[in-house]
>>> print(open('my_file.pdb').read())   # PDB, C-alpha atoms
ATOM      1  CA  MET A  26     -17.509 -19.954   0.751
ATOM      2  CA  ILE A  27     -16.397 -17.375  -1.845
ATOM      3  CA  GLU A  28     -18.265 -14.785   0.206
ATOM      4  CA  ARG A  29     -15.843 -15.451   3.073
ATOM      5  CA  LEU A  30     -12.738 -15.452   0.866
ATOM      6  CA  GLN A  31     -13.623 -12.500  -1.330
ATOM      7  CA  GLY A  32     -11.256  -9.576  -1.342
ATOM      8  CA  PHE A  33      -8.264 -11.687  -0.312
ATOM      9  CA  GLU A  34      -5.590 -11.793  -3.011
ATOM     10  CA  ALA A  35      -3.760 -15.102  -3.411
ATOM     11  CA  ALA A  36      -1.442 -16.439  -6.104
ATOM     12  CA  ALA A  37      -3.468 -17.253  -9.217
ATOM     13  CA  GLY A  38      -2.157 -20.813  -9.356
ATOM     14  CA  VAL A  39      -3.225 -21.831  -5.843
ATOM     15  CA  TRP A  40      -6.933 -21.029  -6.008
ATOM     16  CA  GLU A  41      -7.871 -24.239  -7.793
ATOM     17  CA  ARG A  42      -4.912 -26.293  -6.630
ATOM     18  CA  ASP A  43      -5.170 -25.604  -2.876
ATOM     19  CA  LEU A  44      -7.617 -22.994  -1.603
ATOM     20  CA  LEU A  45     -10.890 -24.141  -3.154
ATOM     21  CA  PRO A  46     -10.297 -27.940  -2.981
ATOM     22  CA  SER A  47      -9.427 -27.635   0.719
ATOM     23  CA  ARG A  48     -12.859 -26.121   1.369
ATOM     24  CA  VAL A  49     -15.098 -27.866  -1.184
ATOM     25  CA  ALA A  50     -15.155 -31.663  -1.266
ATOM     26  CA  GLY A  51     -14.643 -33.042  -4.762
ATOM     27  CA  TYR A  52     -14.026 -29.586  -6.218
ATOM     28  CA  GLN A  53     -14.417 -29.369 -10.010
ATOM     29  CA  PRO A  54     -13.065 -26.411 -12.047
ATOM     30  CA  GLY A  55     -16.331 -26.204 -13.966
ATOM     31  CA  TRP A  56     -18.150 -25.123 -10.812
ATOM     32  CA  LEU A  57     -16.183 -21.887 -10.582
ATOM     33  CA  ASP A  58     -16.682 -21.262 -14.304
ATOM     34  CA  GLU A  59     -20.445 -21.663 -13.867
ATOM     35  CA  LEU A  60     -20.507 -19.128 -11.037
ATOM     36  CA  CYS A  61     -18.480 -16.657 -13.100
ATOM     37  CA  LEU A  62     -20.532 -17.125 -16.273
ATOM     38  CA  SER A  63     -23.777 -16.737 -14.305
ATOM     39  CA  GLY A  64     -22.646 -13.296 -13.173
ATOM     40  CA  GLU A  65     -22.441 -14.165  -9.471
ATOM     41  CA  VAL A  66     -18.652 -14.286  -9.136
ATOM     42  CA  ALA A  67     -15.843 -12.236 -10.694
ATOM     43  CA  TRP A  68     -12.059 -12.440 -10.512
ATOM     44  CA  GLY A  69      -9.154 -10.031 -10.951
ATOM     45  CA  ARG A  70      -6.645  -7.850  -9.160
ATOM     46  CA  LEU A  71      -8.206  -5.434  -6.699
ATOM     47  CA  GLY A  72      -5.781  -2.600  -7.385
ATOM     48  CA  LEU A  73      -3.795  -1.197 -10.283
ATOM     49  CA  HIS A  74      -0.229  -2.432 -10.560
ATOM     50  CA  GLU A  75       2.907  -1.802 -12.558
ATOM     51  CA  SER A  76       2.735  -3.191 -16.068
ATOM     52  CA  ALA A  77       4.236  -6.662 -16.409
ATOM     53  CA  ARG A  78       6.279  -5.395 -19.372
ATOM     54  CA  HIS A  79       8.084  -2.826 -17.209
ATOM     55  CA  ALA A  80       8.302  -5.076 -14.151
ATOM     56  CA  GLY A  81      10.371  -7.530 -16.153
ATOM     57  CA  ARG A  82       7.893 -10.375 -15.704
ATOM     58  CA  ARG A  83       4.877 -11.904 -17.413
ATOM     59  CA  LEU A  84       1.644 -13.303 -16.054
ATOM     60  CA  SER A  85       2.504 -16.269 -13.865
ATOM     61  CA  ALA A  86       0.881 -18.515 -11.299
ATOM     62  CA  THR A  87       2.344 -16.291  -8.563
ATOM     63  CA  VAL A  88       0.478 -13.130  -9.629
ATOM     64  CA  PRO A  89      -2.089 -12.422  -6.872
ATOM     65  CA  VAL A  90      -5.737 -12.336  -7.884
ATOM     66  CA  ALA A  91      -8.952 -12.285  -5.886
ATOM     67  CA  LEU A  92     -12.329 -13.954  -6.222
ATOM     68  CA  LEU A  93     -15.300 -11.805  -5.295
ATOM     69  CA  LEU A  94     -19.047 -11.580  -5.577
ATOM     70  CA  ARG A  95     -19.902  -9.340  -8.494
ATOM     71  CA  ARG A  96     -22.417  -7.412  -6.387
ATOM     72  CA  ASP A  97     -19.517  -6.296  -4.150
ATOM     73  CA  LEU A  98     -17.226  -5.003  -6.904
ATOM     74  CA  ALA A  99     -18.039  -1.412  -5.955
ATOM     75  CA  TRP A 100     -16.338  -1.489  -2.551
ATOM     76  CA  LEU A 101     -13.687  -4.152  -3.188
ATOM     77  CA  LEU A 102     -11.995  -2.601  -6.239
ATOM     78  CA  THR A 103      -9.738   0.398  -5.796
ATOM     79  CA  PRO A 104     -10.617   3.510  -7.866
ATOM     80  CA  ARG A 105      -9.479   3.325 -11.478
ATOM     81  CA  PRO A 106      -9.819   5.312 -14.730
ATOM     82  CA  ALA A 107     -13.394   5.773 -15.889
ATOM     83  CA  PRO A 108     -14.471   4.489 -19.325
ATOM     84  CA  GLY A 109     -13.099   6.827 -21.965
ATOM     85  CA  ASP A 110      -9.918   7.469 -20.005
ATOM     86  CA  ALA A 111      -8.383   3.985 -20.189
ATOM     87  CA  ALA A 112      -6.431   4.736 -23.340
ATOM     88  CA  THR A 113      -4.799   7.806 -21.783
ATOM     89  CA  GLU A 114      -4.848   7.715 -17.961
ATOM     90  CA  PRO A 115      -2.919   4.456 -17.412
ATOM     91  CA  MET A 116      -0.166   5.768 -19.695
ATOM     92  CA  ALA A 117       0.216   9.136 -17.990
ATOM     93  CA  ALA A 118       3.847  10.002 -17.358
ATOM     94  CA  ALA A 119       3.494   9.785 -13.566
ATOM     95  CA  SER A 120       1.585   6.492 -13.658
ATOM     96  CA  PRO A 121       3.372   3.189 -12.971
ATOM     97  CA  ILE A 122       1.015   1.518 -15.461
ATOM     98  CA  GLN A 123       2.639   1.805 -18.871
ATOM     99  CA  PRO A 124       1.202  -0.957 -21.101
ATOM    100  CA  SER A 125       2.895  -1.929 -24.338
ATOM    101  CA  GLY A 126       1.493  -0.947 -27.724
ATOM    102  CA  PRO A 127      -0.550  -4.169 -28.190
ATOM    103  CA  ALA A 128      -1.928  -3.858 -24.647
ATOM    104  CA  ARG A 129      -3.016  -0.256 -25.318
ATOM    105  CA  ASP A 130      -4.740  -1.381 -28.506
ATOM    106  CA  VAL A 131      -6.571  -4.201 -26.698
ATOM    107  CA  LEU A 132      -7.632  -1.876 -23.882
ATOM    108  CA  ALA A 133      -8.949   0.695 -26.342
ATOM    109  CA  HIS A 134     -10.862  -2.015 -28.226
ATOM    110  CA  LEU A 135     -12.518  -3.247 -25.025
ATOM    111  CA  GLU A 136     -13.638   0.313 -24.310
ATOM    112  CA  ARG A 137     -15.112   0.752 -27.780
ATOM    113  CA  ALA A 138     -16.687  -2.666 -28.253
ATOM    114  CA  GLY A 139     -17.263  -3.840 -24.687
ATOM    115  CA  ALA A 140     -16.760  -7.469 -23.656
ATOM    116  CA  SER A 141     -15.151  -9.356 -26.548
ATOM    117  CA  PHE A 142     -13.805 -12.785 -27.458
ATOM    118  CA  VAL A 143     -10.100 -13.139 -28.230
ATOM    119  CA  ASP A 144     -10.696 -13.623 -31.965
ATOM    120  CA  ASP A 145     -12.918 -10.526 -32.112
ATOM    121  CA  ILE A 146     -10.243  -8.498 -30.325
ATOM    122  CA  ALA A 147      -7.579  -9.769 -32.722
ATOM    123  CA  SER A 148      -9.727  -8.761 -35.681
ATOM    124  CA  GLY A 149     -10.563  -5.375 -34.180
ATOM    125  CA  VAL A 150      -6.958  -4.409 -33.409
ATOM    126  CA  ARG A 151      -5.514  -6.172 -36.489
ATOM    127  CA  ARG A 152      -3.002  -8.204 -34.541
ATOM    128  CA  LEU A 153      -2.149 -11.883 -34.261
ATOM    129  CA  ARG A 154      -4.003 -13.950 -31.675
ATOM    130  CA  VAL A 155      -0.766 -14.633 -29.800
ATOM    131  CA  GLU A 156      -0.134 -10.875 -29.547
ATOM    132  CA  VAL A 157      -3.616 -10.392 -28.107
ATOM    133  CA  GLU A 158      -3.065 -13.173 -25.565
ATOM    134  CA  GLU A 159       0.241 -11.639 -24.481
ATOM    135  CA  ALA A 160      -1.461  -8.246 -24.183
ATOM    136  CA  LEU A 161      -4.202  -9.780 -22.030
ATOM    137  CA  CYS A 162      -1.522 -11.313 -19.780
ATOM    138  CA  GLU A 163      -0.075  -7.844 -19.355
ATOM    139  CA  LEU A 164      -3.437  -6.240 -18.635
ATOM    140  CA  VAL A 165      -4.466  -8.933 -16.128
ATOM    141  CA  THR A 166      -1.180  -8.411 -14.279
ATOM    142  CA  ALA A 167      -1.801  -4.650 -14.243
ATOM    143  CA  GLY A 168      -5.325  -5.140 -12.838
ATOM    144  CA  LEU A 169      -7.105  -3.613 -15.831
ATOM    145  CA  VAL A 170      -9.081  -6.529 -17.303
ATOM    146  CA  THR A 171     -10.998  -9.646 -16.276
ATOM    147  CA  GLY A 172     -12.753 -12.495 -18.049
ATOM    148  CA  ASP A 173     -16.260 -13.969 -18.183
ATOM    149  CA  GLY A 174     -15.044 -17.165 -16.547
ATOM    150  CA  PHE A 175     -12.024 -18.437 -14.672
ATOM    151  CA  ALA A 176     -11.195 -20.542 -17.735
ATOM    152  CA  GLY A 177      -9.782 -17.436 -19.385
ATOM    153  CA  LEU A 178      -7.179 -17.055 -16.652
ATOM    154  CA  ARG A 179      -6.404 -20.776 -16.799
ATOM    155  CA  SER A 180      -5.818 -20.509 -20.534
ATOM    156  CA  LEU A 181      -3.466 -17.539 -20.202
ATOM    157  CA  LEU A 182      -1.462 -19.233 -17.457
ATOM    158  CA  HIS A 183      -1.190 -22.396 -19.550
ATOM    159  CA  GLY A 184      -0.113 -20.363 -22.590
ATOM    160  CA  GLU A 185       2.656 -18.728 -20.558
ATOM    161  CA  LYS A 186       3.860 -22.166 -19.449
ATOM    162  CA  ARG A 187       3.958 -23.335 -23.059
ATOM    163  CA  ARG A 188       6.073 -20.334 -24.058
ATOM    164  CA  ARG A 189       8.489 -20.993 -21.188
ATOM    165  CA  VAL A 190       8.751 -24.766 -21.645
ATOM    166  CA  ARG A 191      12.298 -26.108 -21.376
ATOM    167  CA  PRO A 192      13.913 -28.089 -24.214
ATOM    168  CA  GLY A 193      13.367 -31.802 -23.914
ATOM    169  CA  ARG A 194      10.252 -31.528 -21.723
ATOM    170  CA  PRO A 195       6.880 -32.678 -23.080
ATOM    171  CA  VAL A 196       4.327 -29.991 -23.870
ATOM    172  CA  ALA A 197       0.875 -30.526 -22.399
ATOM    173  CA  PRO A 198      -2.091 -30.149 -24.758
ATOM    174  CA  ARG A 199      -3.650 -26.685 -24.916
ATOM    175  CA  PRO A 200      -6.898 -26.325 -22.950
ATOM    176  CA  SER A 201     -10.204 -25.907 -24.692
ATOM    177  CA  PRO A 202     -10.450 -22.439 -26.316
ATOM    178  CA  GLY A 203     -13.912 -21.842 -24.823
ATOM    179  CA  THR A 204     -12.608 -19.247 -22.396
ATOM    180  CA  GLY A 205     -15.325 -16.624 -22.781
ATOM    181  CA  ARG A 206     -15.050 -12.882 -23.292
ATOM    182  CA  TRP A 207     -12.675 -10.279 -21.874
ATOM    183  CA  ALA A 208     -13.673  -6.901 -20.473
ATOM    184  CA  ARG A 209     -12.426  -3.907 -18.499
ATOM    185  CA  LEU A 210     -12.359  -4.563 -14.751
ATOM    186  CA  LEU A 211     -14.427  -1.686 -13.407
ATOM    187  CA  PRO A 212     -16.644  -1.121 -10.341
ATOM    188  CA  PRO A 213     -20.268  -0.274 -11.172
ATOM    189  CA  ALA A 214     -20.054   2.839  -8.954
ATOM    190  CA  THR A 215     -17.834   4.372  -6.298
ATOM    191  CA  PRO A 216     -19.458   4.214  -2.832
ATOM    192  CA  ALA A 217     -18.866   6.749  -0.097
ATOM    193  CA  ALA A 218     -15.671   6.252   1.905
ATOM    194  CA  ASP A 219     -17.602   5.404   5.090
ATOM    195  CA  ASP A 220     -19.577   2.729   3.254
ATOM    196  CA  ILE A 221     -16.361   1.119   1.995
ATOM    197  CA  VAL A 222     -14.893   1.029   5.515
ATOM    198  CA  GLU A 223     -18.039  -0.567   6.947
ATOM    199  CA  ALA A 224     -18.217  -3.159   4.171
ATOM    200  CA  LYS A 225     -14.571  -4.141   4.712
ATOM    201  CA  ALA A 226     -15.034  -4.246   8.487
ATOM    202  CA  ARG A 227     -17.921  -6.686   8.091
ATOM    203  CA  GLN A 228     -15.908  -8.747   5.598
ATOM    204  CA  TYR A 229     -13.055  -9.247   8.074
ATOM    205  CA  VAL A 230     -15.515 -10.523  10.696
ATOM    206  CA  LYS A 231     -17.032 -12.856   8.125
ATOM    207  CA  ARG A 232     -13.598 -14.193   7.169
ATOM    208  CA  TYR A 233     -12.002 -14.634  10.600
ATOM    209  CA  GLY A 234     -14.837 -14.634  13.146
ATOM    210  CA  VAL A 235     -12.622 -12.700  15.574
ATOM    211  CA  VAL A 236     -10.974  -9.425  14.570
ATOM    212  CA  PHE A 237      -8.166  -7.383  16.129
ATOM    213  CA  ARG A 238      -5.545  -5.106  14.691
ATOM    214  CA  ASP A 239      -2.634  -7.561  14.362
ATOM    215  CA  LEU A 240      -4.794 -10.133  12.573
ATOM    216  CA  LEU A 241      -5.213  -7.965   9.476
ATOM    217  CA  GLN A 242      -1.549  -7.798   8.454
ATOM    218  CA  ARG A 243      -2.043  -9.921   5.324
ATOM    219  CA  GLU A 244      -5.184  -8.159   4.130
ATOM    220  CA  PRO A 245      -4.789  -5.865   1.093
ATOM    221  CA  ASP A 246      -5.656  -2.160   1.329
ATOM    222  CA  VAL A 247      -6.841  -2.297   4.959
ATOM    223  CA  PRO A 248      -8.539   0.888   6.272
ATOM    224  CA  ALA A 249      -6.964   2.628   9.248
ATOM    225  CA  TRP A 250      -7.689   0.705  12.454
ATOM    226  CA  ARG A 251      -9.240   3.820  14.052
ATOM    227  CA  ASP A 252     -11.813   3.878  11.224
ATOM    228  CA  LEU A 253     -12.547   0.171  11.637
ATOM    229  CA  LEU A 254     -12.926   0.674  15.398
ATOM    230  CA  ARG A 255     -15.762   3.130  14.857
ATOM    231  CA  VAL A 256     -17.635   0.514  12.846
ATOM    232  CA  TYR A 257     -16.940  -2.324  15.291
ATOM    233  CA  ARG A 258     -17.972  -0.290  18.322
ATOM    234  CA  ARG A 259     -21.230   0.624  16.608
ATOM    235  CA  LEU A 260     -21.887  -3.032  15.699
ATOM    236  CA  GLU A 261     -21.123  -4.016  19.295
ATOM    237  CA  MET A 262     -23.674  -1.517  20.633
ATOM    238  CA  ARG A 263     -26.250  -2.991  18.240
ATOM    239  CA  GLY A 264     -25.536  -6.469  19.548
ATOM    240  CA  ASP A 265     -24.138  -7.727  16.247
ATOM    241  CA  LEU A 266     -20.639  -8.234  17.693
ATOM    242  CA  ARG A 267     -19.154  -9.056  21.078
ATOM    243  CA  GLY A 268     -16.211  -7.051  22.361
ATOM    244  CA  GLY A 269     -13.629  -7.944  24.989
ATOM    245  CA  ARG A 270     -10.339  -9.754  25.539
ATOM    246  CA  ILE A 271     -11.042 -12.770  23.367
ATOM    247  CA  VAL A 272      -7.538 -13.789  22.242
ATOM    248  CA  GLY A 273      -4.742 -13.551  24.798
ATOM    249  CA  GLY A 274      -1.346 -12.038  24.067
ATOM    250  CA  PHE A 275      -2.523  -9.046  22.021
ATOM    251  CA  VAL A 276      -3.146  -5.463  23.042
ATOM    252  CA  GLY A 277      -6.038  -3.352  21.865
ATOM    253  CA  GLU A 278      -9.733  -3.945  21.368
ATOM    254  CA  GLN A 279     -11.038  -7.217  19.978
ATOM    255  CA  PHE A 280     -14.408  -8.119  18.484
ATOM    256  CA  ALA A 281     -16.064 -11.405  17.581
ATOM    257  CA  ALA A 282     -19.199 -12.637  15.882
ATOM    258  CA  PRO A 283     -21.471 -14.364  18.462
ATOM    259  CA  GLU A 284     -21.239 -17.712  16.644
ATOM    260  CA  ALA A 285     -17.426 -17.482  16.571
ATOM    261  CA  LEU A 286     -17.339 -16.814  20.295
ATOM    262  CA  GLU A 287     -19.474 -19.885  20.965
ATOM    263  CA  ALA A 288     -17.198 -21.978  18.749
ATOM    264  CA  LEU A 289     -14.123 -20.825  20.685
ATOM    265  CA  ARG A 290     -15.770 -21.730  23.985
ATOM    266  CA  ALA A 291     -16.625 -25.177  22.628
ATOM    267  CA  VAL A 292     -13.012 -25.724  21.542
ATOM    268  CA  ARG A 293     -11.766 -24.855  25.032
ATOM    269  CA  ARG A 294     -13.983 -27.576  26.511
ATOM    270  CA  GLU A 295     -12.663 -30.245  24.139
ATOM    271  CA  GLU A 296      -9.598 -32.387  24.725
ATOM    272  CA  PRO A 297      -6.877 -32.271  22.022
ATOM    273  CA  SER A 298      -7.595 -34.953  19.424
ATOM    274  CA  GLY A 299      -4.437 -34.713  17.347
ATOM    275  CA  GLN A 300      -6.354 -33.390  14.347
ATOM    276  CA  THR A 301      -3.990 -32.282  11.587
ATOM    277  CA  VAL A 302      -4.864 -29.713   8.923
ATOM    278  CA  ARG A 303      -2.532 -28.897   6.026
ATOM    279  CA  ILE A 304      -3.058 -25.666   4.095
ATOM    280  CA  SER A 305      -1.234 -23.663   1.454
ATOM    281  CA  ALA A 306       1.008 -20.897   2.740
ATOM    282  CA  CYS A 307      -1.000 -18.589   0.428
ATOM    283  CA  ASP A 308      -4.193 -19.358   2.376
ATOM    284  CA  PRO A 309      -5.592 -16.498   4.494
ATOM    285  CA  LEU A 310      -5.407 -18.946   7.422
ATOM    286  CA  ASN A 311      -1.619 -18.879   7.245
ATOM    287  CA  LEU A 312      -1.323 -16.774  10.392
ATOM    288  CA  VAL A 313       1.978 -18.246  11.567
ATOM    289  CA  GLY A 314       4.127 -15.488  13.010
ATOM    290  CA  ILE A 315       1.097 -13.201  13.154
ATOM    291  CA  ILE A 316      -1.018 -14.694  15.946
ATOM    292  CA  THR A 317       1.453 -17.452  16.870
ATOM    293  CA  PRO A 318       5.101 -17.160  17.984
ATOM    294  CA  GLY A 319       7.955 -17.592  15.547
ATOM    295  CA  PRO A 320       8.841 -16.227  12.122
ATOM    296  CA  ARG A 321       6.238 -15.702   9.433
ATOM    297  CA  ILE A 322       5.964 -18.237   6.620
ATOM    298  CA  PRO A 323       6.064 -16.550   3.181
ATOM    299  CA  ALA A 324       2.882 -16.873   1.131
ATOM    300  CA  VAL A 325       4.608 -18.655  -1.740
ATOM    301  CA  PRO A 326       3.022 -21.311  -3.988
ATOM    302  CA  GLY A 327       4.428 -24.721  -3.118
ATOM    303  CA  HIS A 328       4.856 -23.871   0.577
ATOM    304  CA  HIS A 329       2.429 -25.383   3.074
ATOM    305  CA  VAL A 330       1.618 -25.029   6.758
ATOM    306  CA  THR A 331       0.493 -27.904   8.930
ATOM    307  CA  TYR A 332      -1.588 -27.239  12.049
ATOM    308  CA  LYS A 333      -1.987 -29.867  14.758
ATOM    309  CA  ASP A 334      -4.870 -29.095  17.094
ATOM    310  CA  GLY A 335      -4.674 -25.518  15.823
ATOM    311  CA  VAL A 336      -0.968 -25.143  16.585
ATOM    312  CA  PRO A 337       1.481 -24.772  13.656
ATOM    313  CA  ALA A 338       3.537 -27.960  13.549
ATOM    314  CA  LEU A 339       5.445 -27.885  10.275
ATOM    315  CA  GLU A 340       6.345 -25.755   7.301
ATOM    316  CA  GLU A 341       6.542 -27.849   4.146
ATOM    317  CA  THR A 342       8.284 -26.530   1.034
ATOM    318  CA  ARG A 343       9.074 -27.900  -2.381
ATOM    319  CA  ASP A 344      12.789 -27.914  -1.538
ATOM    320  CA  ARG A 345      12.155 -29.944   1.607
ATOM    321  CA  ARG A 346      10.084 -32.493  -0.323
ATOM    322  CA  ARG A 347      12.832 -32.816  -2.927
ATOM    323  CA  SER A 348      15.521 -33.380  -0.298
ATOM    324  CA  THR A 349      13.337 -35.952   1.485
ATOM    325  CA  ALA A 350      12.698 -37.801  -1.763
ATOM    326  CA  ALA A 351      16.441 -37.764  -2.528
ATOM    327  CA  ARG A 352      17.250 -39.277   0.872
ATOM    328  CA  LYS A 353      14.683 -42.020   0.314
ATOM    329  CA  ARG A 354      16.232 -42.881  -3.063
ATOM    330  CA  ARG A 355      19.659 -43.171  -1.449
TER     331      ARG A 355
END
>>> encode(input="my_file.pdb", output="structure tokens")
Amino acid sequence: MIERLQGFEAAAGVWERDLLPSRVAGYQPGWLDELCLSGEVAWGRLGLHESARHAGRRLSATVPVALLLRRDLAWLLTPRPAPGDAATEPMAAASPIQPSGPARDVLAHLERAGASFVDDIASGVRRLRVEVEEALCELVTAGLVTGDGFAGLRSLLHGEKRRRVRPGRPVAPRPSPGTGRWARLLPPATPAADDIVEAKARQYVKRYGVVFRDLLQREPDVPAWRDLLRVYRRLEMRGDLRGGRIVGGFVGEQFAAPEALEALRAVRREEPSGQTVRISACDPLNLVGIITPGPRIPAVPGHHVTYKDGVPALEETRDRRRSTAARKRR
């Protein structure tokens, strides 16, 4: 399942609230931690981004992060400073990444010592634990660090909520401190450009089953369509993909995995059953306004899309739920 979703960036807060539970029955947070701690799965931002300190915001549940198989880090992560350059390159005058002093200290420590626990980082940089946690929030937002397990991200998000709690509201207990180590987020090697394009082209087929140019509007860092076409045409000649006019209403070449094509044919033979599916607007399957008529629905946590027999039927937002609840009370 993560193999299909990998490389898609969604708001950090919706992965365990919406995306994973909608695909895995009885989802438990510990399952994702086990996959991360075993070395199979990693998490983080795929590219480098402006420091949270200079963007006027901190780490929040809306910051987009991706889950990915660790073996695919090489082609999913964008190029970034090599070890030894982290303390200088991100702070270059022309770079949008300008971490604060504590964040620079933490980054330099992770380069010297490698993966480290929060307490070890605090001791190494001679700063308070809370300063280290705030620095990690900044570095996660910038796309420079990741953690052993997803529990580390959970802990940082919870800590930010505690610091922003409003007067008079109860404060939830702090999660268990067993959040694992923190490390630089780096690819093991940089593949050739053609290899990256082919890997991404195959990933889009794995995610959607059918691929055409308009479908990829929500994908991050998409290669030029002409480069993807070369890969898809080659895969079609090998018999790995089927080409043709598969989805009506769109111009340009289209390609589908054989199993996806069979599934589409089976759906055409079935009568509508009234099946309803509700997903988060942050889900990659939120294709309203992309492959269906009407305006696009923003990928915002708290917004949902309801499909009835595959047709978008309703956009549900937090504001709409509040107004509905208010009417019921009246």
>>> resolve_selection(input="my_file.pdb", expression="the PyMOL selection byres ((chain A and resi 299) around 10)", output="short mmCIF file (atom, residue, chain, number, x, y, z; two decimals) with C-alpha atoms, in the frame of the given file")
data_model
loop_
_atom_site.label_atom_id
_atom_site.label_comp_id
_atom_site.auth_asym_id
_atom_site.auth_seq_id
_atom_site.Cartn_x
_atom_site.Cartn_y
_atom_site.Cartn_z
CA GLU A 296 -9.60 -32.39 24.72
CA PRO A 297 -6.88 -32.27 22.02
CA SER A 298 -7.60 -34.95 19.42
CA GLN A 300 -6.35 -33.39 14.35
CA THR A 301 -3.99 -32.28 11.59
CA VAL A 302 -4.86 -29.71 8.92
CA TYR A 332 -1.59 -27.24 12.05
CA LYS A 333 -1.99 -29.87 14.76
CA ASP A 334 -4.87 -29.10 17.09
CA GLY A 335 -4.67 -25.52 15.82
#
>>> atom_distance(input="my_file.pdb", atom1="CA of Leu132 (chain A)", atom2="CA of Leu84 (chain A)")
16.7 Å
>>> residues_around(input="my_file.pdb", residues="region 274-282 of chain A", least_positions_apart="2", cutoff="10 Å", atoms="all atoms listed in the file", output="PDB file with C-alpha atoms, keeping the file's coordinate frame")
ATOM      1  CA  ARG A 227     -17.921  -6.686   8.091  1.00  0.00           C
ATOM      2  CA  VAL A 230     -15.515 -10.523  10.696  1.00  0.00           C
ATOM      3  CA  LYS A 231     -17.032 -12.856   8.125  1.00  0.00           C
ATOM      4  CA  TYR A 233     -12.002 -14.634  10.600  1.00  0.00           C
ATOM      5  CA  GLY A 234     -14.837 -14.634  13.146  1.00  0.00           C
ATOM      6  CA  VAL A 235     -12.622 -12.700  15.574  1.00  0.00           C
ATOM      7  CA  VAL A 236     -10.974  -9.425  14.570  1.00  0.00           C
ATOM      8  CA  PHE A 237      -8.166  -7.383  16.129  1.00  0.00           C
ATOM      9  CA  ARG A 238      -5.545  -5.106  14.691  1.00  0.00           C
ATOM     10  CA  ASP A 239      -2.634  -7.561  14.362  1.00  0.00           C
ATOM     11  CA  LEU A 240      -4.794 -10.133  12.573  1.00  0.00           C
ATOM     12  CA  LEU A 254     -12.926   0.674  15.398  1.00  0.00           C
ATOM     13  CA  TYR A 257     -16.940  -2.324  15.291  1.00  0.00           C
ATOM     14  CA  ARG A 258     -17.972  -0.290  18.322  1.00  0.00           C
ATOM     15  CA  LEU A 260     -21.887  -3.032  15.699  1.00  0.00           C
ATOM     16  CA  GLU A 261     -21.123  -4.016  19.295  1.00  0.00           C
ATOM     17  CA  GLY A 264     -25.536  -6.469  19.548  1.00  0.00           C
ATOM     18  CA  ASP A 265     -24.138  -7.727  16.247  1.00  0.00           C
ATOM     19  CA  LEU A 266     -20.639  -8.234  17.693  1.00  0.00           C
ATOM     20  CA  ARG A 267     -19.154  -9.056  21.078  1.00  0.00           C
ATOM     21  CA  GLY A 268     -16.211  -7.051  22.361  1.00  0.00           C
ATOM     22  CA  GLY A 269     -13.629  -7.944  24.989  1.00  0.00           C
ATOM     23  CA  ARG A 270     -10.339  -9.754  25.539  1.00  0.00           C
ATOM     24  CA  ILE A 271     -11.042 -12.770  23.367  1.00  0.00           C
ATOM     25  CA  VAL A 272      -7.538 -13.789  22.242  1.00  0.00           C
ATOM     26  CA  GLU A 284     -21.239 -17.712  16.644  1.00  0.00           C
ATOM     27  CA  ALA A 285     -17.426 -17.482  16.571  1.00  0.00           C
ATOM     28  CA  LEU A 286     -17.339 -16.814  20.295  1.00  0.00           C
ATOM     29  CA  GLU A 287     -19.474 -19.885  20.965  1.00  0.00           C
ATOM     30  CA  ALA A 288     -17.198 -21.978  18.749  1.00  0.00           C
ATOM     31  CA  ILE A 316      -1.018 -14.694  15.946  1.00  0.00           C
ATOM     32  CA  THR A 317       1.453 -17.452  16.870  1.00  0.00           C
TER      33      THR A 317
END
>>> atom_distance(input="my_file.pdb", atom1="CA of Leu30 (chain A)", atom2="CA of Arg105 (chain A)")
22.7 Å
>>> axis_aligned_box(input="my_file.pdb", around="region 301-316 of chain A", padding_each_side="5 Å", output="JSON")
{"center_x": -0.7, "center_y": -22.7, "center_z": 8.2, "size_x": 19.7, "size_y": 29.1, "size_z": 25.5}
>>> atom_distance(input="my_file.pdb", atom1="CA of Val143 (chain A)", atom2="CA of His183 (chain A)")
15.5 Å
>>> closest_residue(input="my_file.pdb", among="A:Leu71, A:Leu94, A:Leu211, A:Ala86", to="Ala140 (chain A)", atoms="all atoms listed in the file")
A:Leu211
>>> residues_around(input="my_file.pdb", residues="Glu65 (chain A)", least_positions_apart="5", cutoff="12 Å", atoms="all atoms listed in the file", output="PyMOL selection string")
chain A and resi 27-28+56-60+92-98+173-174
>>> resolve_selection(input="my_file.pdb", expression="the PyMOL selection byres ((chain A and resi 330) around 6)", output="short mmCIF file (atom, residue, chain, number, x, y, z; two decimals) with C-alpha atoms, keeping the file's coordinate frame")
data_model
loop_
_atom_site.label_atom_id
_atom_site.label_comp_id
_atom_site.auth_asym_id
_atom_site.auth_seq_id
_atom_site.Cartn_x
_atom_site.Cartn_y
_atom_site.Cartn_z
CA ARG A 303 -2.53 -28.90 6.03
CA ILE A 304 -3.06 -25.67 4.10
CA ALA A 306 1.01 -20.90 2.74
CA HIS A 329 2.43 -25.38 3.07
CA THR A 331 0.49 -27.90 8.93
CA LEU A 339 5.44 -27.88 10.28
CA GLU A 340 6.34 -25.76 7.30
#
>>> residues_near_point(input="my_file.pdb", point="(-10.5, -12.6, -21.4)", cutoff="10 Å", atoms="only C-alpha atoms", output="PyMOL selection string")
chain A and resi 140-143+146+157-158+161-162+164-165+170-178+180-181+204-209
>>> closest_residue(input="my_file.pdb", among="A:Ala133, A:Cys307, A:Arg151, A:Val336", to="Trp40 (chain A)", atoms="only C-alpha atoms")
A:Cys307
>>> resolve_selection(input="my_file.pdb", expression="the PyMOL selection byres ((chain A and resi 245) around 8)", output="list in words")
Gly32, Phe33, Glu34, Arg243, Glu244, Asp246 and Val247 of chain A
>>> closest_residue(input="my_file.pdb", among="A:Gln228, A:Ser305, A:Gln123, A:Gln53", to="Ala36 (chain A)", atoms="all atoms listed in the file")
A:Ser305
